[in-house]
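Colleague: mmCIF, C-alpha atoms, file target_28.cif:
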data_final
#
loop_
_atom_site.label_atom_id
_atom_site.label_comp_id
_atom_site.auth_asym_id
_atom_site.auth_seq_id
_atom_site.Cartn_x
_atom_site.Cartn_y
_atom_site.Cartn_z
CA MET D 1202 28.94 -11.19 -64.81
CA ASP D 1203 27.05 -12.80 -61.97
CA SER D 1204 25.11 -10.31 -59.90
CA GLU D 1205 25.83 -10.32 -56.17
CA VAL D 1206 22.78 -10.65 -53.97
CA THR D 1207 23.08 -8.97 -50.60
CA ALA D 1208 20.59 -9.93 -47.90
CA GLY D 1209 18.90 -6.97 -46.27
CA PRO D 1210 18.34 -6.52 -42.53
CA PRO D 1211 15.80 -8.91 -40.99
CA ARG D 1212 12.26 -7.61 -41.05
CA ARG D 1213 11.04 -6.19 -37.74
CA VAL D 1214 8.33 -8.24 -36.07
CA THR D 1215 5.08 -6.29 -35.74
CA ILE D 1216 1.81 -6.58 -33.86
CA LYS D 1217 0.32 -7.89 -37.11
CA ASP D 1218 2.72 -10.85 -37.02
CA VAL D 1219 1.75 -11.65 -33.44
CA ALA D 1220 -1.94 -11.47 -34.31
CA ALA D 1221 -1.43 -13.79 -37.27
CA ARG D 1222 0.55 -16.30 -35.19
CA ALA D 1223 -2.13 -16.31 -32.46
CA GLY D 1224 -5.03 -16.35 -34.92
CA VAL D 1225 -6.59 -13.14 -33.59
CA SER D 1226 -7.01 -9.51 -34.61
CA LYS D 1227 -4.48 -6.75 -33.91
CA GLY D 1228 -7.05 -5.25 -31.57
CA ALA D 1229 -7.12 -8.42 -29.49
CA VAL D 1230 -3.33 -8.29 -29.13
CA SER D 1231 -3.58 -4.69 -27.96
CA LEU D 1232 -6.30 -5.57 -25.43
CA ALA D 1233 -4.24 -8.44 -24.05
CA PHE D 1234 -1.04 -6.44 -23.60
CA ASN D 1235 -2.86 -3.47 -22.10
CA ASP D 1236 -4.60 -5.80 -19.63
CA ARG D 1237 -8.06 -4.73 -20.78
CA PRO D 1238 -11.27 -6.79 -20.89
CA GLY D 1239 -12.46 -8.22 -24.18
CA VAL D 1240 -10.32 -11.33 -24.57
CA SER D 1241 -10.60 -14.62 -22.69
CA GLN D 1242 -7.82 -15.95 -20.49
CA ALA D 1243 -7.14 -18.73 -23.01
CA THR D 1244 -6.84 -16.23 -25.88
CA ARG D 1245 -4.67 -13.95 -23.76
CA ALA D 1246 -2.33 -16.84 -22.99
CA ARG D 1247 -2.16 -17.77 -26.70
CA ILE D 1248 -1.28 -14.17 -27.61
CA PHE D 1249 1.50 -14.02 -25.02
CA GLU D 1250 2.89 -17.32 -26.25
CA ALA D 1251 2.91 -16.07 -29.83
CA ALA D 1252 4.70 -12.89 -28.72
CA ARG D 1253 7.31 -14.94 -26.86
CA GLU D 1254 7.93 -17.15 -29.87
CA LEU D 1255 8.40 -14.12 -32.12
CA GLY D 1256 10.38 -12.08 -29.59
CA TRP D 1257 7.92 -9.18 -29.74
CA ALA D 1258 6.93 -6.69 -27.01
CA PRO D 1259 4.85 -3.51 -27.31
CA HIS D 1260 6.84 -0.33 -27.78
CA LEU D 1261 5.77 2.43 -25.42
CA SER D 1262 8.76 4.73 -25.61
CA ALA D 1263 12.43 4.75 -26.53
CA ARG D 1264 13.50 4.91 -22.92
CA SER D 1265 15.05 1.85 -21.31
CA LEU D 1266 13.27 0.52 -18.24
CA SER D 1267 16.58 -0.10 -16.51
CA ASN D 1268 17.52 3.57 -16.41
CA ALA D 1269 14.03 5.08 -16.21
CA ARG D 1270 12.15 6.14 -13.12
CA VAL D 1271 9.72 3.49 -11.87
CA ASP D 1272 6.20 4.89 -12.06
CA ALA D 1273 4.24 1.92 -10.69
CA VAL D 1274 4.60 -1.40 -8.91
CA GLY D 1275 2.10 -4.25 -9.14
CA LEU D 1276 0.19 -6.18 -6.49
CA ALA D 1277 -2.28 -8.91 -7.47
CA ILE D 1278 -4.39 -10.53 -4.75
CA ALA D 1279 -6.50 -13.67 -5.11
CA ARG D 1280 -9.24 -12.71 -2.68
CA PRO D 1281 -12.90 -11.74 -3.21
CA ALA D 1282 -13.33 -7.95 -3.33
CA ARG D 1283 -16.00 -7.96 -0.61
CA MET D 1284 -13.82 -9.92 1.78
CA LEU D 1285 -10.70 -7.88 1.04
CA GLY D 1286 -12.52 -4.68 1.98
CA LEU D 1287 -13.34 -6.14 5.40
CA GLU D 1288 -9.91 -7.52 6.26
CA PRO D 1289 -7.82 -5.08 8.34
CA TRP D 1290 -4.55 -6.91 7.57
CA PHE D 1291 -4.57 -6.11 3.85
CA MET D 1292 -5.69 -2.53 4.42
CA GLU D 1293 -2.76 -1.97 6.79
CA PHE D 1294 -0.36 -3.82 4.49
CA VAL D 1295 -1.33 -1.75 1.45
CA SER D 1296 -1.14 1.45 3.51
CA GLY D 1297 2.42 0.57 4.48
CA ILE D 1298 3.37 -0.04 0.84
CA GLU D 1299 1.76 3.25 -0.22
CA SER D 1300 3.69 5.19 2.43
CA VAL D 1301 6.96 4.25 0.71
CA LEU D 1302 5.66 4.63 -2.84
CA ALA D 1303 4.44 8.15 -2.05
CA GLU D 1304 7.98 9.16 -1.12
CA ARG D 1305 9.08 8.20 -4.64
CA SER D 1306 6.02 9.56 -6.48
CA CYS D 1307 5.24 5.98 -7.48
CA SER D 1308 1.81 4.37 -7.82
CA LEU D 1309 0.47 0.97 -6.77
CA LEU D 1310 -1.30 -1.00 -9.49
CA LEU D 1311 -3.68 -3.25 -7.53
CA ARG D 1312 -5.61 -6.07 -9.16
CA LEU D 1313 -7.92 -8.71 -7.67
CA VAL D 1314 -7.66 -12.07 -9.44
CA ARG D 1315 -9.47 -15.40 -9.17
CA ASP D 1316 -6.43 -17.63 -8.81
CA VAL D 1317 -2.68 -17.99 -9.31
CA ARG D 1318 -3.07 -18.82 -13.00
CA GLU D 1319 -4.89 -15.55 -13.65
CA GLU D 1320 -2.29 -13.66 -11.63
CA ILE D 1321 0.51 -15.02 -13.81
CA ALA D 1322 -1.31 -13.74 -16.91
CA VAL D 1323 -1.87 -10.33 -15.27
CA GLN D 1324 1.76 -10.03 -14.17
CA GLU D 1325 2.93 -10.96 -17.67
CA ALA D 1326 0.62 -8.37 -19.24
CA TRP D 1327 1.83 -5.68 -16.84
CA TRP D 1328 5.48 -6.47 -17.52
CA ARG D 1329 5.23 -6.76 -21.29
CA ALA D 1330 3.24 -3.51 -21.50
CA ARG D 1331 5.80 -1.84 -19.19
CA GLN D 1332 3.00 -0.87 -16.81
CA VAL D 1333 5.05 -1.81 -13.74
CA GLY D 1334 8.70 -1.71 -12.83
CA GLY D 1335 8.31 -4.62 -10.40
CA SER D 1336 5.75 -6.54 -8.36
CA ILE D 1337 4.94 -7.73 -4.85
CA LEU D 1338 3.91 -11.35 -4.30
CA VAL D 1339 1.59 -12.33 -1.45
CA ASP D 1340 -0.14 -15.53 -0.30
CA LEU D 1341 2.68 -17.81 -1.42
CA HIS D 1342 2.16 -21.55 -1.85
CA ASP D 1343 4.66 -24.37 -1.53
CA GLY D 1344 6.10 -24.77 -5.05
CA ASP D 1345 4.28 -21.62 -6.13
CA PRO D 1346 4.02 -21.51 -9.96
CA ARG D 1347 4.34 -17.72 -9.93
CA VAL D 1348 8.00 -17.99 -8.95
CA PRO D 1349 9.32 -19.69 -12.12
CA ALA D 1350 6.85 -17.77 -14.30
CA LEU D 1351 7.99 -14.34 -13.08
CA ARG D 1352 11.61 -15.40 -13.06
CA GLY D 1353 11.25 -16.46 -16.68
CA LEU D 1354 9.86 -13.02 -17.53
CA GLY D 1355 12.71 -11.28 -15.75
CA LEU D 1356 10.19 -9.33 -13.68
CA PRO D 1357 11.74 -7.85 -10.50
CA ALA D 1358 9.72 -8.97 -7.49
CA VAL D 1359 9.70 -9.21 -3.70
CA ALA D 1360 7.80 -11.94 -1.86
CA ALA D 1361 5.92 -11.26 1.36
CA GLY D 1362 6.55 -14.67 2.83
CA HIS D 1363 8.95 -17.20 4.30
CA PRO D 1364 12.26 -17.83 2.45
CA SER D 1365 11.30 -21.49 1.95
CA LEU D 1366 8.38 -20.30 -0.22
CA ALA D 1367 10.06 -17.42 -2.07
CA GLY D 1368 12.04 -19.51 -4.57
CA GLY D 1369 15.12 -17.29 -4.40
CA PHE D 1370 13.28 -13.98 -4.72
CA THR D 1371 14.04 -11.32 -2.13
CA CYS D 1372 11.54 -11.82 0.69
CA VAL D 1373 10.27 -10.16 3.85
CA TRP D 1374 8.83 -12.49 6.47
CA THR D 1375 7.76 -12.98 10.07
CA ASP D 1376 8.62 -16.02 12.17
CA ASP D 1377 5.11 -17.43 12.39
CA ALA D 1378 6.32 -20.79 13.71
CA THR D 1379 7.86 -19.19 16.81
CA ALA D 1380 4.76 -17.03 17.34
CA VAL D 1381 2.42 -20.04 17.14
CA GLY D 1382 4.56 -21.88 19.68
CA GLU D 1383 4.36 -18.89 22.03
CA ALA D 1384 0.57 -18.76 21.69
CA VAL D 1385 0.15 -22.47 22.47
CA ARG D 1386 2.54 -22.33 25.43
CA TYR D 1387 0.67 -19.32 26.83
CA LEU D 1388 -2.69 -21.09 26.65
CA ALA D 1389 -1.19 -24.25 28.14
CA ALA D 1390 0.34 -22.21 30.99
CA LEU D 1391 -3.16 -20.92 31.78
CA GLY D 1392 -4.20 -24.55 32.22
CA HIS D 1393 -5.79 -25.36 28.86
CA ARG D 1394 -5.35 -28.96 27.75
CA ARG D 1395 -7.73 -28.98 24.76
CA ILE D 1396 -6.63 -26.28 22.31
CA ALA D 1397 -7.97 -26.00 18.75
CA ARG D 1398 -7.04 -23.77 15.85
CA VAL D 1399 -9.08 -22.15 13.05
CA SER D 1400 -6.76 -21.57 10.10
CA GLY D 1401 -6.86 -19.99 6.67
CA PRO D 1402 -6.75 -22.07 3.46
CA ALA D 1403 -4.68 -25.21 4.02
CA SER D 1404 -2.84 -24.71 0.70
CA LEU D 1405 -1.28 -21.37 1.68
CA GLY D 1406 2.38 -21.59 2.63
CA HIS D 1407 2.00 -19.70 5.88
CA SER D 1408 -0.95 -21.94 6.85
CA VAL D 1409 1.29 -24.98 6.35
CA ILE D 1410 4.02 -23.41 8.51
CA ARG D 1411 1.59 -22.43 11.29
CA THR D 1412 -0.15 -25.82 11.26
CA ALA D 1413 3.14 -27.69 11.59
CA ALA D 1414 4.24 -25.41 14.45
CA PHE D 1415 0.86 -25.79 16.20
CA GLU D 1416 0.95 -29.58 16.01
CA ALA D 1417 4.56 -29.68 17.17
CA ALA D 1418 3.80 -27.47 20.20
CA VAL D 1419 0.75 -29.56 21.14
CA ARG D 1420 2.84 -32.75 20.98
CA GLN D 1421 5.73 -31.23 22.91
CA LEU D 1422 3.43 -30.08 25.71
CA GLY D 1423 1.53 -33.36 25.81
CA LEU D 1424 -1.84 -31.70 25.26
CA ALA D 1425 -4.95 -33.79 24.71
CA ASP D 1426 -6.17 -32.06 21.57
CA GLY D 1427 -4.79 -30.17 18.61
CA ARG D 1428 -7.44 -29.96 15.93
CA THR D 1429 -7.04 -27.48 13.06
CA VAL D 1430 -10.07 -26.51 10.96
CA ALA D 1431 -9.23 -24.84 7.62
CA THR D 1432 -11.34 -21.94 6.33
CA ASP D 1433 -11.16 -19.13 3.76
CA PHE D 1434 -10.36 -16.42 6.38
CA SER D 1435 -13.92 -15.03 6.24
CA GLY D 1436 -16.11 -14.31 9.24
CA GLU D 1437 -18.75 -16.73 7.95
CA GLU D 1438 -16.28 -19.59 7.71
CA GLY D 1439 -14.73 -18.66 11.05
CA ALA D 1440 -18.16 -18.82 12.67
CA ARG D 1441 -18.92 -22.18 11.03
CA ALA D 1442 -15.62 -23.66 12.24
CA THR D 1443 -16.14 -22.33 15.77
CA ARG D 1444 -19.67 -23.74 15.90
CA ALA D 1445 -18.40 -27.16 14.85
CA LEU D 1446 -15.60 -27.14 17.43
CA LEU D 1447 -17.79 -26.00 20.32
CA SER D 1448 -20.51 -28.53 19.43
CA SER D 1449 -18.13 -31.48 19.62
CA ALA D 1450 -18.16 -33.93 22.51
CA ASP D 1451 -14.58 -33.04 23.50
CA ARG D 1452 -15.10 -29.28 23.19
CA PRO D 1453 -11.85 -27.28 23.28
CA THR D 1454 -11.37 -24.85 26.12
CA ALA D 1455 -9.25 -22.52 23.95
CA VAL D 1456 -9.28 -21.61 20.25
CA LEU D 1457 -6.50 -19.89 18.28
CA TYR D 1458 -7.61 -18.06 15.11
CA ASP D 1459 -5.47 -17.21 12.07
CA ASN D 1460 -6.94 -13.70 11.77
CA ASP D 1461 -8.97 -11.15 13.70
CA ILE D 1462 -12.15 -11.34 11.60
CA MET D 1463 -12.63 -15.04 12.38
CA ALA D 1464 -11.91 -14.46 16.08
CA VAL D 1465 -14.61 -11.76 16.25
CA ALA D 1466 -17.01 -14.13 14.49
CA GLY D 1467 -16.06 -16.86 16.96
CA LEU D 1468 -16.86 -14.53 19.85
CA SER D 1469 -20.37 -14.06 18.46
CA VAL D 1470 -20.83 -17.84 18.17
CA THR D 1471 -19.94 -18.38 21.83
CA ALA D 1472 -22.71 -15.94 22.83
CA GLU D 1473 -25.11 -17.68 20.44
CA MET D 1474 -24.34 -21.01 22.13
CA GLY D 1475 -24.73 -19.63 25.65
CA LEU D 1476 -21.03 -19.92 26.48
CA SER D 1477 -19.01 -17.38 28.41
CA VAL D 1478 -15.65 -15.98 27.24
CA PRO D 1479 -13.19 -16.58 28.83
CA ALA D 1480 -14.80 -18.70 31.57
CA ASP D 1481 -16.01 -21.47 29.22
CA VAL D 1482 -13.65 -20.94 26.31
CA SER D 1483 -10.65 -18.67 25.69
CA LEU D 1484 -10.18 -17.05 22.27
CA LEU D 1485 -6.88 -15.80 20.83
CA ALA D 1486 -6.65 -13.91 17.51
CA TRP D 1487 -3.83 -13.46 15.02
CA ASP D 1488 -3.32 -10.03 13.38
CA ASP D 1489 -4.15 -7.69 16.21
CA SER D 1490 -6.26 -4.79 14.96
CA GLN D 1491 -8.73 -2.25 16.27
CA LEU D 1492 -11.42 -4.92 15.87
CA CYS D 1493 -9.83 -6.88 18.71
CA GLN D 1494 -10.05 -3.87 21.01
CA LEU D 1495 -13.69 -3.02 20.25
CA THR D 1496 -15.20 -6.37 21.27
CA HIS D 1497 -16.47 -7.35 24.70
CA PRO D 1498 -14.46 -8.86 26.14
CA THR D 1499 -11.50 -7.46 24.24
CA LEU D 1500 -9.64 -10.12 22.26
CA SER D 1501 -6.19 -11.36 23.17
CA ALA D 1502 -4.03 -11.38 20.05
CA MET D 1503 -0.67 -12.06 18.44
CA SER D 1504 0.29 -8.49 17.53
CA HIS D 1505 2.64 -7.26 14.83
CA ASP D 1506 3.22 -4.07 12.88
CA VAL D 1507 1.47 -4.82 9.58
CA PHE D 1508 1.89 -1.23 8.33
CA GLY D 1509 5.63 -1.45 8.97
CA PHE D 1510 5.74 -4.87 7.30
CA GLY D 1511 4.17 -3.43 4.13
CA ALA D 1512 6.59 -0.51 4.15
CA GLU D 1513 9.56 -2.87 4.48
CA VAL D 1514 8.32 -4.95 1.54
CA ALA D 1515 8.14 -1.81 -0.62
CA ARG D 1516 11.62 -0.66 0.45
CA ARG D 1517 13.09 -4.05 -0.43
CA LEU D 1518 11.44 -3.95 -3.85
CA PHE D 1519 13.23 -0.68 -4.59
CA ASP D 1520 16.46 -2.32 -3.45
CA VAL D 1521 15.84 -5.04 -6.04
CA LEU D 1522 15.13 -2.41 -8.69
CA ASP D 1523 18.44 -0.80 -7.76
CA GLN D 1524 20.14 -4.13 -8.56
CA ALA D 1525 20.67 -5.28 -4.96
CA ALA D 1526 21.41 -8.98 -4.50
CA PRO D 1527 18.43 -11.15 -3.44
CA GLY D 1528 18.07 -11.46 0.31
CA SER D 1529 15.90 -12.66 3.19
CA HIS D 1530 14.71 -9.97 5.60
CA GLN D 1531 13.01 -10.97 8.84
CA ALA D 1532 10.47 -8.57 10.32
CA PRO D 1533 9.72 -8.57 14.07
CA THR D 1534 7.99 -11.75 15.28
CA PRO D 1535 4.31 -11.36 16.26
CA ALA D 1536 4.11 -10.91 20.03
CA LEU D 1537 1.44 -11.95 22.49
CA THR D 1538 -0.92 -9.21 23.74
CA PRO D 1539 -3.15 -10.70 26.47
CA ARG D 1540 -6.58 -9.12 26.94
CA GLY D 1541 -9.95 -10.12 28.30
CA SER D 1542 -10.68 -13.13 26.09
CA THR D 1543 -8.11 -15.49 27.65
CA ALA D 1544 -8.03 -16.87 31.20
CA PRO D 1545 -7.62 -20.19 33.01
CA PRO D 1546 -10.37 -22.66 32.10
CA ARG D 1547 -13.37 -23.08 34.41
CA ARG D 1548 -12.75 -25.89 36.90
CA PRO D 1549 -15.13 -28.85 36.65
#
If you took the structure in this file and wrote it as structure tokens, what would it be?
Modeller:
Amino acid sequence: MDSEVTAGPPRRVTIKDVAARAGVSKGAVSLAFNDRPGVSQATRARIFEAARELGWAPHLSARSLSNARVDAVGLAIARPARMLGLEPWFMEFVSGIESVLAERSCSLLLRLVRDVREEIAVQEAWWRARQVGGSILVDLHDGDPRVPALRGLGLPAVAAGHPSLAGGFTCVWTDDATAVGEAVRYLAALGHRRIARVSGPASLGHSVIRTAAFEAAVRQLGLADGRTVATDFSGEEGARATRALLSSADRPTAVLYDNDIMAVAGLSVTAEMGLSVPADVSLLAWDDSQLCQLTHPTLSAMSHDVFGFGAEVARRLFDVLDQAAPGSHQAPTPALTPRGSTAPPRRP
């Protein structure tokens, strides 16, 4: 009589299988999924690819993430650590996030990365190791590669940025275009005809939006100038850009800065060059902070509640975790706060 052969259940994929597929040790797989140093970015990416192909993820507990309490959310920022510690905006933003997380006994997992590619690897490691229940995306780019990557992972996320940059993720945003237009119209109403702008990195989505709004306002008002100089948001770069603008033959009589640190640096440059603020040149900062109120003269600024913005981002992330439909949530538009650094230009 022929014997009947019955196939057994498929063998469970193990960490050993992933290591073999990636050509590394089991320890390297563990380091990669626990987001620990010891493996290169290329090796980490190869390990994750092997895990995807085999359908393997590390097992931390029997509990399902969907019905478990969220213990941490992730935030990766591609900024140098030294610069981040000096920038009031991010400190206020993180404080706002933490205020909501504290109410839910939840932690913020913060990581500084070199670039978007490294952030994708970090986010993937966090998600596969179940270290975070969701993440917050900042500094969005047009066609940002993080959007399809995180969507492919199924990682819940909220974007701090304009809906046109969020790729369908829930987002919280401010109307920077309207605020830029208000700033330019204010300076033009004071009598300024040559207005320049010192921006952040040109590749950032909000820089693109602000630059387009600035150029449109300059054209609409028929102003003589409308130069934008891109920087990295640092005081050093802000000073360099200001020095170049004020050394030009057609020196602007007003400069709009994309953050407060660069505006403070610009104020120092005007003193270095023997110029008076606001008699010779008016300065207007974005991201009003205590820095703007400690200078002499005090800096006019486009003010908004960054702490409240961070808190709203965190609240919307918990909405997403509670299965709310994706949505666009507009925060209050930055508003003009005139101080001592802006005035009508000196008459010839």
Colleague: Using all atoms listed in the file for the distances, tell me which of D:Leu1468, D:Leu1391, D:Val1409, D:Val1521 is nearest to Leu1500 (chain D).
Modeller: D:Leu1468
Colleague: Have a look at D:Leu1522, D:Val1507, D:Val1478, D:Leu1255 and name the one nearest to Arg1540 (chain D); count all atoms listed in the file.
Modeller: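 Closest to Arg1540 (chain D) of all the choices is D:Val1478.
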Colleague: Taking the file above as input, evaluate the PyMOL selection byres ((chain D and resi 1532) around 6) and report the hits as a tab-separated table (two decimals) with C-alpha atoms, keeping the file's coordinate frame.
Modeller:
chain	number	residue	atom	x	y	z
D	1374	TRP	CA	8.83	-12.49	6.47
D	1375	THR	CA	7.76	-12.98	10.07
D	1531	GLN	CA	13.01	-10.97	8.84
D	1533	PRO	CA	9.72	-8.57	14.07
Colleague: Give me the residues within 12 Å of Asp1377 (chain D) as a PDB file with C-alpha atoms, keeping the file's coordinate frame, counting only C-alpha atoms and dropping any in the same chain fewer than 6 places off.
Modeller:
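File around_12.pdb, as written:
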ATOM      1  CA  GLY D1362       6.550 -14.670   2.830  1.00  0.00           C
ATOM      2  CA  HIS D1363       8.950 -17.200   4.300  1.00  0.00           C
ATOM      3  CA  GLU D1383       4.360 -18.890  22.030  1.00  0.00           C
ATOM      4  CA  ALA D1384       0.570 -18.760  21.690  1.00  0.00           C
ATOM      5  CA  GLY D1406       2.380 -21.590   2.630  1.00  0.00           C
ATOM      6  CA  HIS D1407       2.000 -19.700   5.880  1.00  0.00           C
ATOM      7  CA  SER D1408      -0.950 -21.940   6.850  1.00  0.00           C
ATOM      8  CA  VAL D1409       1.290 -24.980   6.350  1.00  0.00           C
ATOM      9  CA  ILE D1410       4.020 -23.410   8.510  1.00  0.00           C
ATOM     10  CA  ARG D1411       1.590 -22.430  11.290  1.00  0.00           C
ATOM     11  CA  THR D1412      -0.150 -25.820  11.260  1.00  0.00           C
ATOM     12  CA  ALA D1413       3.140 -27.690  11.590  1.00  0.00           C
ATOM     13  CA  ALA D1414       4.240 -25.410  14.450  1.00  0.00           C
ATOM     14  CA  PHE D1415       0.860 -25.790  16.200  1.00  0.00           C
ATOM     15  CA  ASP D1459      -5.470 -17.210  12.070  1.00  0.00           C
ATOM     16  CA  TRP D1487      -3.830 -13.460  15.020  1.00  0.00           C
ATOM     17  CA  ASP D1488      -3.320 -10.030  13.380  1.00  0.00           C
ATOM     18  CA  MET D1503      -0.670 -12.060  18.440  1.00  0.00           C
ATOM     19  CA  SER D1504       0.290  -8.490  17.530  1.00  0.00           C
ATOM     20  CA  HIS D1505       2.640  -7.260  14.830  1.00  0.00           C
ATOM     21  CA  GLN D1531      13.010 -10.970   8.840  1.00  0.00           C
ATOM     22  CA  ALA D1532      10.470  -8.570  10.320  1.00  0.00           C
ATOM     23  CA  PRO D1533       9.720  -8.570  14.070  1.00  0.00           C
ATOM     24  CA  THR D1534       7.990 -11.750  15.280  1.00  0.00           C
ATOM     25  CA  PRO D1535       4.310 -11.360  16.260  1.00  0.00           C
ATOM     26  CA  ALA D1536       4.110 -10.910  20.030  1.00  0.00           C
TER      27      ALA D1536
END
Colleague: For each of D:Glu1299, D:Glu1293, D:Asp1433, D:Asp1343, take the minimum atom-to-atom distance to Ser1490 (chain D), counting only C-alpha atoms, then give the residue where this is smallest.
Modeller: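 Checking each of D:Glu1299, D:Glu1293, D:Asp1433, D:Asp1343 against Ser1490 (chain D), counting only C-alpha atoms, the winner is D:Glu1293.
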Colleague: Given the PyMOL selection byres ((chain D and resi 1316) around 12) and the file above, list the residues it selects as JSON, numbers by chain.
Modeller: {"D": [1242, 1277, 1278, 1279, 1280, 1281, 1312, 1313, 1314, 1315, 1317, 1318, 1319, 1320, 1321, 1322, 1323, 1340, 1341, 1342, 1345, 1346, 1347]}
Colleague: Can you list what the PyMOL selection byres ((chain D and resi 1447-1452) around 10) grabs from this structure, as JSON, numbers by chain?
Modeller: {"D": [1395, 1396, 1397, 1425, 1426, 1442, 1443, 1444, 1445, 1446, 1453, 1454, 1455, 1456, 1467, 1470, 1471, 1474, 1476, 1481, 1482]}
Colleague: Using only C-alpha atoms, which residues sit within 12 Å of region 1223-1229 of chain D once same-chain residues fewer than 2 positions away are excluded, as a ChimeraX atom specification?
Modeller: /D:1215-1221,1231-1255,1259
Colleague: May I ask which of the residues D:Gly1541, D:Gly1297, D:Gly1256, D:Gly1353 is the closest one to Arg1516 (chain D), counting only C-alpha atoms?
Modeller: D:Gly1297
Colleague: Using only C-alpha atoms, determine which residues lie at most 10 Å from Ala1526 (chain D), disregarding the query and same-chain residues fewer than 5 positions distant; provide the list as an NGL selection string.
Modeller: :D and (1370-1371 or 1520-1521)
Colleague: So, with only C-alpha atoms as the atoms that count, which of D:Leu1422, D:Leu1302, D:Val1230, D:Ala1431 lies closest to Arg1329 (chain D)?
Modeller: D:Val1230
